[in-house]
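Below is one structure, written out as structure tokens; comments come after it.
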Amino acid sequence: MIDATVIDLARAMADGVETSRGITEWYLDRIARLDRDGPGLNAVIEVNPDALAIADALDVERRARGPRGPLHGIPVLLKDNIETGDRMMTTAGSLALEGSVASEDSGVARRLRAAGAVILGKANLSEWANFRSTHSISGWSSRGGQTRNPYALDRNPCGSSSGSAVAVAADLCAVAVGTETDGSIICPAQANGIVGIKPTLGLISRSGIVPIAHSQDTAGPMARTVAGAAILLGAMAGADHRDPVAVGGRDWGDTDYVRWLDAEGLHRARIGVGRDYWGFDPRVDHIAEMCLSVMSRLGAEIVDPVKIQTTKALEEPEFEVLLTEFKADLNAYLAQAGSDMGVHSLAEIIAFNRENSERVMPYFGQEIMLMAEERGPLSDAAYQRALADCRRLARTEGLDATLQRHALDAIVAPSGRPAWLTDPVNGDPHGEGGCSSMAAVAGYPHITVPAGMVFGLPVGISFIGGAWQEPALIRMAYAFEQATQVRCAPKFLPSADLGVAVDGKTD
């Protein structure tokens, strides 16, 4: 069952070779051996005590009525900021929320259950989705500890959906759900050699997800293949009355992304080369150039270079928006959660962290939370100006203008640099490349696919498109993936393999 895809597992159950219970037991055993013991990946913060009972019930249903769809009986991990109305906690990795059990499913969990998925457990993450400190360590939470990159255990998994990405890469689950505000799906997916999709804002419900910022937050699928990510995306997409922005399949979205898996999907596609995102690492650039050669060989028309004029102007207004929305959205979330929650506001979280600093802040503080607490309400003029600037710079004058000016189907760029060393002293490096911000601020779709290796560490290639263009991006990403097949399973090495500087395939 090693490295089995969703399609492999579904076929095995259809043929009677496997059962959902057997598959679930296999993953639970692997979590015990690799996550808790062995290399100690620390990717899973909690396993679902009801997972085997759910699998048993789905096996009975399959025998009686057949499968609900391709996810029937498939174990899925959810990031620990996504509520599940069961016996598991939802804590965003924070000890301040330890013991918090949701009264009902999030929109994501509800749709996954309806699709027949087995919710296997919760994945570790960067605490508060990496919006606590300017000196944070990605993949670390006070509740879950440090998640480790399975390709080199001393390397960082990136964040904030670190546990989701590591669990998928290390085959602790078939697929997992992450969330992104800016880079939190794309960066860990590329750093752990998997596929990640950050969808259009509103395609997937945000109800029941611990928030950072309503103008950018979204859940998204993480998988070892584009097909797996497409299946999971279709199961999660759809309208939700608890989230007025989640129009889903009702208006613009799709619920069957499998039909867009086309090995000829790059033929006659117009691909713009986002050169603004080159130049951070020559080895990554070399792999990205090989990727362009593959796309050209597969029939894509390469438009090179393509410049997004507003790239450098986004940082300041985006941060202002995130700070203001974090305070407002988190306070609203905590107030709605009810009296059983140990904390009821951002101010109370800050106080809890101070009172428990030895456990909560052994390596880094809460500077971002303190900045957010100083912000006013969403009606403040400074916030309103920043939000308008973000929409103008990322959408109207950014991606919309660039895609239309060059008549592009997608913009392609390196997803990021190889994983850095986990460093509790200095925290994460900054200014290290990556191309997530423009799509994140715009609320537009972004897919990363494995592209090659640098010293045994994965790097990815990104496809970025306009609003609701998930089908086109999936089609192109799948064609690239099928032509290259560069993903390699991790070996759980103690440090990076320095034998081969760059490894990428062009055919």
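Ordering of the structure tokens sets the chain letters (A, B, ...); residue numbers start at 1 within each chain; ligands are numbered from 1 in the order shown.
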
### Message
DSSP on the backbone, helix (DSSP H, G or I) only: what residues of range 59-117 of chain A does that give? Format it as an MDAnalysis selection string.
### Response
chainID A and resid 59:65 95:97 107:114

Report as a tab-separated table: every residue of range 243-334 of chain A with an atom at most 7 Å from range 476-490 of chain A, its closest pair of atoms, and their distance in Å to one decimal, counting only C-alpha atoms, with rows sorted by chain and ascending residue number.
residue	atom	partner	partner_atom	distance
A:Leu261	CA	A:Tyr478	CA	5.9
A:Asp262	CA	A:Ala479	CA	6.1
A:Ala263	CA	A:Ala479	CA	4.2
A:Glu264	CA	A:Ala479	CA	5.8
A:Gly265	CA	A:Met476	CA	4.9
A:Leu266	CA	A:Met476	CA	5.0
A:Met295	CA	A:Phe480	CA	6.8

With C-alpha atoms kept, could you save the residues just selected as an mmCIF file, in the first residue's frame?
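Final file, part02.cif:
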data_model
loop_
_atom_site.group_PDB
_atom_site.id
_atom_site.type_symbol
_atom_site.label_atom_id
_atom_site.label_comp_id
_atom_site.auth_asym_id
_atom_site.auth_seq_id
_atom_site.Cartn_x
_atom_site.Cartn_y
_atom_site.Cartn_z
ATOM 1 C CA LEU A 261 -7.252 15.614 -15.867
ATOM 2 C CA ASP A 262 -5.937 15.800 -19.405
ATOM 3 C CA ALA A 263 -2.455 14.584 -20.333
ATOM 4 C CA GLU A 264 -2.684 16.903 -23.369
ATOM 5 C CA GLY A 265 -3.699 19.821 -21.193
ATOM 6 C CA LEU A 266 -0.717 22.009 -22.081
ATOM 7 C CA MET A 295 5.774 22.774 -21.307
#

I'd like the contact shell of Met13 in chain A - 12 Å cut-off, only C-alpha atoms, skipping same-chain residues fewer than 6 positions apart - returned as a PDB file with C-alpha atoms, in the first residue's frame.
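Output (out-v5.pdb):
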ATOM      1  CA  VAL A   6      -6.750   7.827  -3.925  1.00  0.00           C
ATOM      2  CA  ILE A   7      -7.478   6.124  -7.249  1.00  0.00           C
ATOM      3  CA  THR A  19     -11.492  -2.509   2.909  1.00  0.00           C
ATOM      4  CA  SER A  20     -11.719   0.954   4.402  1.00  0.00           C
ATOM      5  CA  ARG A  21     -11.003  -0.569   7.798  1.00  0.00           C
ATOM      6  CA  GLY A  22      -7.865  -2.280   6.508  1.00  0.00           C
ATOM      7  CA  ILE A  23      -6.632   0.918   4.860  1.00  0.00           C
ATOM      8  CA  ALA A  55     -14.409   2.917   8.297  1.00  0.00           C
ATOM      9  CA  LEU A  58     -18.510   2.816   5.276  1.00  0.00           C
ATOM     10  CA  ASP A  59     -17.534  -0.766   4.429  1.00  0.00           C
ATOM     11  CA  ARG A  62     -20.311  -0.053   0.240  1.00  0.00           C
ATOM     12  CA  ARG A  63     -21.436  -3.675   0.345  1.00  0.00           C
ATOM     13  CA  GLY A  66     -21.977   0.798  -3.448  1.00  0.00           C
ATOM     14  CA  PRO A  67     -19.604   3.757  -2.980  1.00  0.00           C
ATOM     15  CA  GLY A  69     -17.850   8.457  -4.887  1.00  0.00           C
ATOM     16  CA  PRO A  70     -14.056   8.275  -5.229  1.00  0.00           C
ATOM     17  CA  LEU A  71     -13.422   9.316  -1.597  1.00  0.00           C
ATOM     18  CA  HIS A  72     -15.645   6.608  -0.105  1.00  0.00           C
ATOM     19  CA  GLY A  73     -13.629   4.930   2.657  1.00  0.00           C
ATOM     20  CA  ILE A  74     -10.490   7.013   2.038  1.00  0.00           C
TER      21      ILE A  74
END

### Task
Can you work out which one of A:Glu180, A:Glu397, A:Glu367, A:Glu83 has the shortest atom-to-atom distance to Val210 in chain A, counting only C-alpha atoms?
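The answer is A:Glu83, which sits nearest to Val210 in chain A.
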
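The interatomic distance for the pair CA of Leu457 in chain A and CA of Asp171 in chain A works out to 16.9 Å.
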
### Query
CA of Tyr151 in chain A to CA of Phe492 in chain A: how many Å, to one decimal?
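CA of Phe492 in chain A lies 5.2 Å from CA of Tyr151 in chain A.
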
### For His430 in chain A: contacts at 12 Å, only C-alpha atoms, fewer than 6 positions along chain excluded, given as a PyMOL selection string
chain A and resi 134-138+158+280+417+420

Using 7 Å as the limit and counting only C-alpha atoms, can you tabulate each residue of range 174-260 of chain A that touches range 89-109 of chain A, with its shortest atom-to-atom distance in Å and the two atoms involved, as a tab-separated table?
residue	atom	partner	partner_atom	distance
A:Ser205	CA	A:Gly107	CA	5.4
A:Arg206	CA	A:Gly107	CA	6.7
A:Ser207	CA	A:Gly107	CA	5.4
A:Gly208	CA	A:Ser106	CA	4.1
A:Ile209	CA	A:Ser106	CA	6.6
A:Val210	CA	A:Ala92	CA	6.8
A:Met236	CA	A:Val108	CA	5.7
A:Asp240	CA	A:Gly107	CA	6.7

Hey, could you make a per-residue contact list for range 92-137 of chain A against range 316-329 of chain A with 12 Å as the cut-off, showing the nearest pair of atoms and its distance in Å to one decimal, counting only C-alpha atoms, sorted by chain and number, as JSON lines?
{"residue": "A:Trp128", "atom": "CA", "partner": "A:Phe326", "partner_atom": "CA", "distance": 10.3}
{"residue": "A:Ala129", "atom": "CA", "partner": "A:Phe326", "partner_atom": "CA", "distance": 11.1}
{"residue": "A:Asn130", "atom": "CA", "partner": "A:Phe326", "partner_atom": "CA", "distance": 11.9}
{"residue": "A:Phe131", "atom": "CA", "partner": "A:Phe326", "partner_atom": "CA", "distance": 8.7}
{"residue": "A:Arg132", "atom": "CA", "partner": "A:Phe326", "partner_atom": "CA", "distance": 10.4}
{"residue": "A:Ser133", "atom": "CA", "partner": "A:Leu323", "partner_atom": "CA", "distance": 11.9}
{"residue": "A:Thr134", "atom": "CA", "partner": "A:Phe319", "partner_atom": "CA", "distance": 11.9}

### Query
Can you list, as a ChimeraX atom specification, every residue of range 220-321 of chain A that DSSP puts in strand (DSSP E or B)?
/A:220-223,237,270-274,301-306

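Interatomic distance, CA of His446 in chain A against CA of Ala386 in chain A: 22.9 Å.
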
### Query
A:Ala440, A:Cys291, A:Leu408, A:Leu314: which is nearest Cys390 in chain A, counting only C-alpha atoms?
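Looking only at the distances to Cys390 in chain A, the closest residue turns out to be A:Leu314.
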